[in-house]
file start23.txt (compact mmCIF, C-alpha atoms and all ligand atoms)
# COMPACT_ATOMS: atom_id res chain seq x y z
CA MET A 1 11.13 23.15 -0.36
CA ALA A 2 13.06 20.06 -1.51
CA ASP A 3 12.84 19.14 -5.20
CA ALA A 4 10.49 16.18 -4.83
CA THR A 5 11.08 14.92 -8.36
CA ARG A 6 14.40 13.51 -7.10
CA LEU A 7 12.78 11.93 -4.04
CA PRO A 8 11.73 8.28 -4.44
CA PRO A 9 8.00 7.63 -4.41
CA VAL A 10 6.87 5.58 -1.41
CA LEU A 11 4.59 2.56 -1.46
CA VAL A 12 3.00 1.85 1.92
CA MET A 13 2.43 -1.87 1.49
CA GLY A 14 0.68 -4.62 3.39
CA VAL A 15 -2.38 -6.79 3.68
CA SER A 16 -5.85 -5.36 4.04
CA GLY A 17 -6.22 -3.82 7.50
CA SER A 18 -2.47 -3.42 8.14
CA GLY A 19 -2.84 0.38 8.27
CA LYS A 20 -1.77 1.45 4.77
CA SER A 21 -4.30 4.28 4.40
CA THR A 22 -3.95 5.55 7.98
CA VAL A 23 -0.15 5.40 8.05
CA GLY A 24 0.17 6.65 4.47
CA GLU A 25 -1.83 9.79 5.22
CA ALA A 26 0.10 10.42 8.44
CA LEU A 27 3.44 9.86 6.68
CA THR A 28 2.45 12.33 3.97
CA ALA A 29 1.55 14.94 6.58
CA ALA A 30 4.90 14.39 8.30
CA LEU A 31 6.80 14.84 5.03
CA VAL A 32 4.93 18.07 4.27
CA ALA A 33 5.62 19.29 7.81
CA ARG A 34 9.35 18.85 7.22
CA GLY A 35 9.20 20.89 4.03
CA GLU A 36 8.66 18.28 1.32
CA ALA A 37 6.09 18.48 -1.43
CA ALA A 38 4.27 15.17 -0.90
CA GLU A 39 0.91 13.85 -2.08
CA PHE A 40 -1.02 10.86 -0.73
CA VAL A 41 -2.83 8.45 -3.06
CA ASP A 42 -4.97 5.55 -1.86
CA ALA A 43 -4.80 2.77 -4.43
CA ASP A 44 -8.19 1.49 -3.26
CA ALA A 45 -9.75 4.33 -5.25
CA LEU A 46 -8.00 3.17 -8.42
CA HIS A 47 -9.63 -0.28 -8.51
CA PRO A 48 -12.14 -0.71 -11.33
CA GLN A 49 -15.65 -1.16 -9.92
CA VAL A 50 -15.68 -4.79 -11.03
CA ASN A 51 -12.79 -5.46 -8.64
CA LYS A 52 -14.52 -3.71 -5.75
CA ASP A 53 -17.70 -5.69 -6.43
CA LYS A 54 -15.74 -8.96 -6.56
CA MET A 55 -14.02 -8.32 -3.22
CA HIS A 56 -17.28 -7.16 -1.69
CA GLU A 57 -18.72 -10.55 -2.61
CA GLY A 58 -15.85 -12.15 -0.69
CA ILE A 59 -13.98 -13.31 -3.80
CA PRO A 60 -10.19 -12.70 -3.88
CA LEU A 61 -8.78 -10.91 -6.94
CA THR A 62 -6.63 -12.71 -9.48
CA ASP A 63 -3.45 -11.48 -11.14
CA GLU A 64 -5.55 -10.67 -14.20
CA ASP A 65 -7.99 -8.62 -12.11
CA ARG A 66 -5.10 -6.61 -10.67
CA ARG A 67 -3.38 -5.85 -13.98
CA PRO A 68 -5.48 -2.76 -14.96
CA TRP A 69 -5.41 -1.58 -11.35
CA LEU A 70 -1.61 -1.73 -11.23
CA ASP A 71 -1.43 0.10 -14.56
CA ALA A 72 -3.62 2.88 -13.12
CA CYS A 73 -1.48 2.98 -9.95
CA SER A 74 1.70 3.26 -12.01
CA GLU A 75 0.26 6.11 -14.07
CA ARG A 76 -0.80 7.96 -10.92
CA ILE A 77 2.62 7.62 -9.28
CA ALA A 78 4.25 9.00 -12.42
CA ALA A 79 1.80 11.90 -12.62
CA VAL A 80 2.34 12.92 -8.98
CA GLN A 81 6.12 12.71 -9.31
CA ALA A 82 6.04 14.72 -12.54
CA SER A 83 4.03 17.40 -10.77
CA GLY A 84 6.97 17.95 -8.40
CA SER A 85 5.58 16.11 -5.40
CA ARG A 86 6.77 12.88 -3.81
CA CYS A 87 3.99 10.31 -4.20
CA VAL A 88 3.03 8.33 -1.09
CA MET A 89 0.72 5.51 -2.20
CA ALA A 90 -1.18 3.11 0.02
CA ASN A 91 -1.16 -0.07 -2.01
CA SER A 92 -1.28 -3.67 -0.79
CA ALA A 93 1.19 -4.74 -3.53
CA LEU A 94 1.00 -8.26 -2.16
CA LYS A 95 3.14 -10.03 -4.76
CA ARG A 96 6.69 -9.37 -5.95
CA ALA A 97 5.38 -9.27 -9.52
CA TYR A 98 3.02 -6.41 -8.58
CA ARG A 99 5.90 -4.41 -7.10
CA ASP A 100 8.06 -5.19 -10.15
CA ARG A 101 5.26 -3.83 -12.36
CA LEU A 102 5.20 -0.57 -10.39
CA ARG A 103 9.00 -0.33 -10.52
CA GLU A 104 8.93 -0.53 -14.34
CA ASP A 105 7.85 3.13 -14.35
CA ALA A 106 9.19 4.08 -10.89
CA PRO A 107 12.59 2.35 -10.54
CA THR A 108 13.44 4.18 -7.29
CA LEU A 109 10.18 3.16 -5.60
CA PHE A 110 10.70 2.62 -1.86
CA ILE A 111 8.52 0.06 -0.12
CA ALA A 112 7.38 0.68 3.47
CA PHE A 113 6.12 -2.76 4.47
CA LEU A 114 3.63 -2.71 7.36
CA ASP A 115 4.55 -5.98 9.05
CA GLY A 116 2.06 -7.26 11.58
CA SER A 117 0.47 -10.44 12.88
CA ARG A 118 -2.80 -11.79 11.59
CA GLU A 119 -4.24 -11.48 15.09
CA LEU A 120 -3.39 -7.80 15.45
CA ILE A 121 -4.63 -6.92 11.97
CA ALA A 122 -7.85 -8.92 12.38
CA GLU A 123 -8.50 -7.07 15.64
CA ARG A 124 -8.00 -3.71 13.95
CA GLN A 125 -10.16 -4.71 11.00
CA SER A 126 -12.98 -5.61 13.38
CA HIS A 127 -13.31 -1.96 14.35
CA ARG A 128 -13.31 -0.70 10.78
CA HIS A 129 -16.03 -0.13 8.24
CA HIS A 130 -14.63 -0.43 4.70
CA GLU A 131 -16.31 0.66 1.46
CA TYR A 132 -16.10 -2.85 0.03
CA MET A 133 -13.47 -5.08 1.71
CA PRO A 134 -14.86 -7.81 3.97
CA ASN A 135 -12.74 -9.03 6.91
CA SER A 136 -13.29 -12.56 5.58
CA LEU A 137 -10.65 -11.95 2.90
CA LEU A 138 -7.83 -11.45 5.41
CA ASP A 139 -6.64 -15.05 5.19
CA SER A 140 -6.47 -14.86 1.39
CA GLN A 141 -4.49 -11.64 1.75
CA PHE A 142 -1.90 -13.38 3.93
CA ALA A 143 -1.88 -16.41 1.62
CA THR A 144 -1.12 -14.13 -1.35
CA LEU A 145 1.42 -11.94 0.46
CA GLU A 146 5.01 -12.26 -0.72
CA ARG A 147 7.22 -10.35 1.72
CA PRO A 148 9.65 -7.92 0.10
CA GLU A 149 12.97 -9.54 -0.80
CA SER A 150 16.50 -8.37 -0.07
CA ASP A 151 17.05 -6.99 -3.61
CA GLU A 152 14.03 -4.68 -3.24
CA ALA A 153 14.35 -1.18 -1.78
CA PHE A 154 12.24 -1.58 1.34
CA GLY A 155 11.90 -1.18 5.07
CA ALA A 156 9.73 -3.47 7.16
CA VAL A 157 8.15 -1.66 10.09
CA ALA A 158 6.29 -2.99 13.10
CA ILE A 159 2.68 -1.83 13.38
CA HIS A 160 1.80 -2.74 16.99
CA GLY A 161 2.56 0.78 18.22
CA SER A 162 0.79 4.06 17.52
CA VAL A 163 0.40 5.49 14.05
CA ASP A 164 3.04 8.10 14.90
CA GLU A 165 5.45 5.39 16.06
CA THR A 166 4.92 3.52 12.78
CA VAL A 167 5.49 6.73 10.80
CA ALA A 168 8.69 7.45 12.77
CA GLN A 169 10.05 4.02 11.84
CA ILE A 170 9.40 4.75 8.16
CA LEU A 171 10.98 8.20 8.32
CA ALA A 172 14.08 6.66 9.88
CA VAL A 173 14.71 4.48 6.81
CA LEU A 174 13.14 6.56 4.02
CA PRO A 175 15.55 7.73 1.29
N1 LIG B 201 -1.06 2.06 14.56
C1 LIG B 201 -2.40 1.86 14.68
N2 LIG B 201 -2.92 1.75 15.90
C2 LIG B 201 -4.24 1.52 16.04
N3 LIG B 201 -5.13 1.39 15.03
C3 LIG B 201 -4.63 1.50 13.78
C4 LIG B 201 -3.27 1.74 13.54
N4 LIG B 201 -3.08 1.81 12.20
C5 LIG B 201 -4.29 1.61 11.64
N5 LIG B 201 -5.24 1.45 12.59
C6 LIG B 201 -6.66 1.17 12.39
O1 LIG B 201 -6.72 -0.10 11.77
C7 LIG B 201 -7.78 -0.13 10.79
C8 LIG B 201 -7.17 -0.47 9.42
O2 LIG B 201 -6.38 0.63 8.99
P1 LIG B 201 -6.40 1.05 7.43
O3 LIG B 201 -5.56 2.27 7.31
O4 LIG B 201 -7.80 1.09 6.93
O5 LIG B 201 -5.64 -0.20 6.79
P2 LIG B 201 -5.49 -0.60 5.23
O6 LIG B 201 -5.53 0.68 4.46
O7 LIG B 201 -4.16 -1.30 5.18
O8 LIG B 201 -6.63 -1.51 4.93
C9 LIG B 201 -8.42 1.25 10.82
O9 LIG B 201 -9.57 1.21 11.66
C10 LIG B 201 -7.35 2.14 11.44
O10 LIG B 201 -7.91 3.25 12.13
O1 LIG B 202 -4.92 -6.58 -4.22
C1 LIG B 202 -5.92 -6.78 -3.49
O2 LIG B 202 -6.34 -7.87 -3.12
C2 LIG B 202 -6.65 -5.55 -2.95
O3 LIG B 202 -6.04 -4.37 -3.43
C3 LIG B 202 -6.55 -5.58 -1.46
O4 LIG B 202 -5.23 -5.97 -1.10
C4 LIG B 202 -6.86 -4.24 -0.83
O5 LIG B 202 -6.41 -4.32 0.46
C5 LIG B 202 -8.33 -3.98 -0.97
O6 LIG B 202 -8.44 -3.11 -2.05
C6 LIG B 202 -8.96 -3.37 0.29
O7 LIG B 202 -8.31 -2.24 0.66
P1 LIG B 202 -7.66 -2.09 2.13
O8 LIG B 202 -6.25 -2.55 2.00
O9 LIG B 202 -7.79 -0.62 2.40
O10 LIG B 202 -8.44 -2.93 3.10

call {"tool": "encode", "arguments": {"input": "start23.txt", "output": "structure tokens", "more": "lines below"}}
Ligand SMILES: Nc1ncnc2c1ncn2[C@@H]1O[C@H](COP(=O)(O)OP(=O)(O)O)[C@@H](O)[C@H]1O
Ligand SMILES: O=C(O)[C@H](O)[C@@H](O)[C@H](O)[C@H](O)COP(=O)(O)O
result
Amino acid sequence: MADATRLPPVLVMGVSGSGKSTVGEALTAALVARGEAAEFVDADALHPQVNKDKMHEGIPLTDEDRRPWLDACSERIAAVQASGSRCVMANSALKRAYRDRLREDAPTLFIAFLDGSRELIAERQSHRHHEYMPNSLLDSQFATLERPESDEAFGAVAIHGSVDETVAQILAVLP
């Protein structure tokens, strides 16, 4: 089995409803199937309850709200990588500053950006029950989104196909 500590952690990034959790879990399974030690982490679970409550009330988070969450995400990525597994984290990471924070402790972080239209994502959200995230926050998610820039290690993948097709696009560009 490949030494995962040398393999870059992966951040499956995108707005709420873009497929981060679904694709992240499927990507992790595909990596394990090809002989890698990989572990999936859903950043939703790392939000403090106050953040979940705020979003549930339909209030977008602020940079300050996200700071402790990003710290917890960074710690978890480091812990998984230190354990010998490649970390695959579903994390919206909407702003460049959030991704820069995560790269402070994971400089080789690779971003898999799930790039889809508001219409497609809204349609998919409509069929989903989420622990706390209302569909009404989708517009604020797009308003906050800063697409990855050319100096970031990333691949933007289309999400209109099947989950497996999205995973295949990521595997094709994953270091
Ligand atoms: N490629 C896909 N094709 C069809 N439905 C998808 C696809 N990817 C995700 N979904 C569905 O879209 C909804 C949002 O996916 P989810 O993984 O919860 O997104 P996120 O974690 O980004 O909020 C879920 O109901 C999921 O089953
Ligand atoms: O930074 C944020 O505003 C939140 O992290 C948000 O982007 C995230 O999407 C929610 O936690 C809901 O989780 P889902 O992405 O699974 O809908």

call {"tool": "residues_near_ligand", "arguments": {"input": "start23.txt", "ligand": "ligand LIG 201 (chain B)", "cutoff": "9 Å", "atoms": "all atoms listed in the file", "output": "ChimeraX atom specification"}}
result
/A:12-25,42,44,90-92,114,121-130,133,159-167

call {"tool": "write_last_selection", "arguments": {"input": "start23.txt", "atoms": "C-alpha atoms", "output": "compact mmCIF listing (two decimals), in the frame of the given file"}}
result
# COMPACT_ATOMS: atom_id res chain seq x y z
CA VAL A 12 3.00 1.85 1.92
CA MET A 13 2.43 -1.87 1.49
CA GLY A 14 0.68 -4.62 3.39
CA VAL A 15 -2.38 -6.79 3.68
CA SER A 16 -5.85 -5.36 4.04
CA GLY A 17 -6.22 -3.82 7.50
CA SER A 18 -2.47 -3.42 8.14
CA GLY A 19 -2.84 0.38 8.27
CA LYS A 20 -1.77 1.45 4.77
CA SER A 21 -4.30 4.28 4.40
CA THR A 22 -3.95 5.55 7.98
CA VAL A 23 -0.15 5.40 8.05
CA GLY A 24 0.17 6.65 4.47
CA GLU A 25 -1.83 9.79 5.22
CA ASP A 42 -4.97 5.55 -1.86
CA ASP A 44 -8.19 1.49 -3.26
CA ALA A 90 -1.18 3.11 0.02
CA ASN A 91 -1.16 -0.07 -2.01
CA SER A 92 -1.28 -3.67 -0.79
CA LEU A 114 3.63 -2.71 7.36
CA ILE A 121 -4.63 -6.92 11.97
CA ALA A 122 -7.85 -8.92 12.38
CA GLU A 123 -8.50 -7.07 15.64
CA ARG A 124 -8.00 -3.71 13.95
CA GLN A 125 -10.16 -4.71 11.00
CA SER A 126 -12.98 -5.61 13.38
CA HIS A 127 -13.31 -1.96 14.35
CA ARG A 128 -13.31 -0.70 10.78
CA HIS A 129 -16.03 -0.13 8.24
CA HIS A 130 -14.63 -0.43 4.70
CA MET A 133 -13.47 -5.08 1.71
CA ILE A 159 2.68 -1.83 13.38
CA HIS A 160 1.80 -2.74 16.99
CA GLY A 161 2.56 0.78 18.22
CA SER A 162 0.79 4.06 17.52
CA VAL A 163 0.40 5.49 14.05
CA ASP A 164 3.04 8.10 14.90
CA GLU A 165 5.45 5.39 16.06
CA THR A 166 4.92 3.52 12.78
CA VAL A 167 5.49 6.73 10.80

call {"tool": "closest_residue", "arguments": {"input": "start23.txt", "among": "A:Ser74, A:Ser117, A:Gln81, A:Asn51", "to": "ligand LIG 202 (chain B)", "atoms": "all atoms listed in the file"}}
result
A:Asn51

call {"tool": "closest_residue", "arguments": {"input": "start23.txt", "among": "A:Ala72, A:Val10, A:Ala29, A:Leu102", "to": "A:Cys87", "atoms": "all atoms listed in the file"}}
result
A:Val10

call {"tool": "closest_residue", "arguments": {"input": "start23.txt", "among": "A:Cys73, A:Ala26, A:Leu171, A:Ile59", "to": "A:Arg103", "atoms": "all atoms listed in the file"}}
result
A:Cys73

call {"tool": "closest_residue", "arguments": {"input": "start23.txt", "among": "A:Asn135, A:Ser140, A:Thr108, A:Ser150", "to": "A:Pro60", "atoms": "all atoms listed in the file"}}
result
A:Ser140

call {"tool": "atom_distance", "arguments": {"input": "start23.txt", "atom1": "atom CA of A:Val88", "atom2": "atom CA of A:Phe113"}}
result
12.8 Å

call {"tool": "atom_distance", "arguments": {"input": "start23.txt", "atom1": "atom CA of A:Ala79", "atom2": "atom CA of A:Ala38"}}
result
12.4 Å

call {"tool": "atom_distance", "arguments": {"input": "start23.txt", "atom1": "atom CA of A:Gln141", "atom2": "atom CA of A:Ala106"}}
result
24.4 Å

call {"tool": "residues_near_point", "arguments": {"input": "start23.txt", "point": "(-4.3, -3.6, -11.4)", "cutoff": "12 Å", "atoms": "only C-alpha atoms", "output": "PyMOL selection string"}}
result
chain A and resi 43-52+61-75+91-95+97-99+101-102

call {"tool": "closest_residue", "arguments": {"input": "start23.txt", "among": "A:Val41, A:Leu109, A:Ala78, A:Ala168", "to": "A:Phe154", "atoms": "all atoms listed in the file"}}
result
A:Leu109

call {"tool": "closest_residue", "arguments": {"input": "start23.txt", "among": "A:Met55, A:Ile77, A:Ala158, A:Ile170", "to": "ligand LIG 202 (chain B)", "atoms": "only C-alpha atoms and all ligand atoms"}}
result
A:Met55

call {"tool": "axis_aligned_box", "arguments": {"input": "start23.txt", "around": "stretch 39-47 of chain A", "padding_each_side": "6 Å", "output": "lines of an AutoDock Vina configuration file"}}
result
center_x = -4.4
center_y = 6.8
center_z = -4.6
size_x = 22.7
size_y = 26.1
size_z = 19.8

call {"tool": "residues_around", "arguments": {"input": "start23.txt", "residues": "A:Asp151", "least_positions_apart": "2", "cutoff": "12 Å", "atoms": "all atoms listed in the file", "output": "list of chain:residue names"}}
result
A:Arg96, A:Arg99, A:Asp100, A:Phe110, A:Ile111, A:Arg147, A:Pro148, A:Glu149, A:Ala153, A:Phe154, A:Gly155
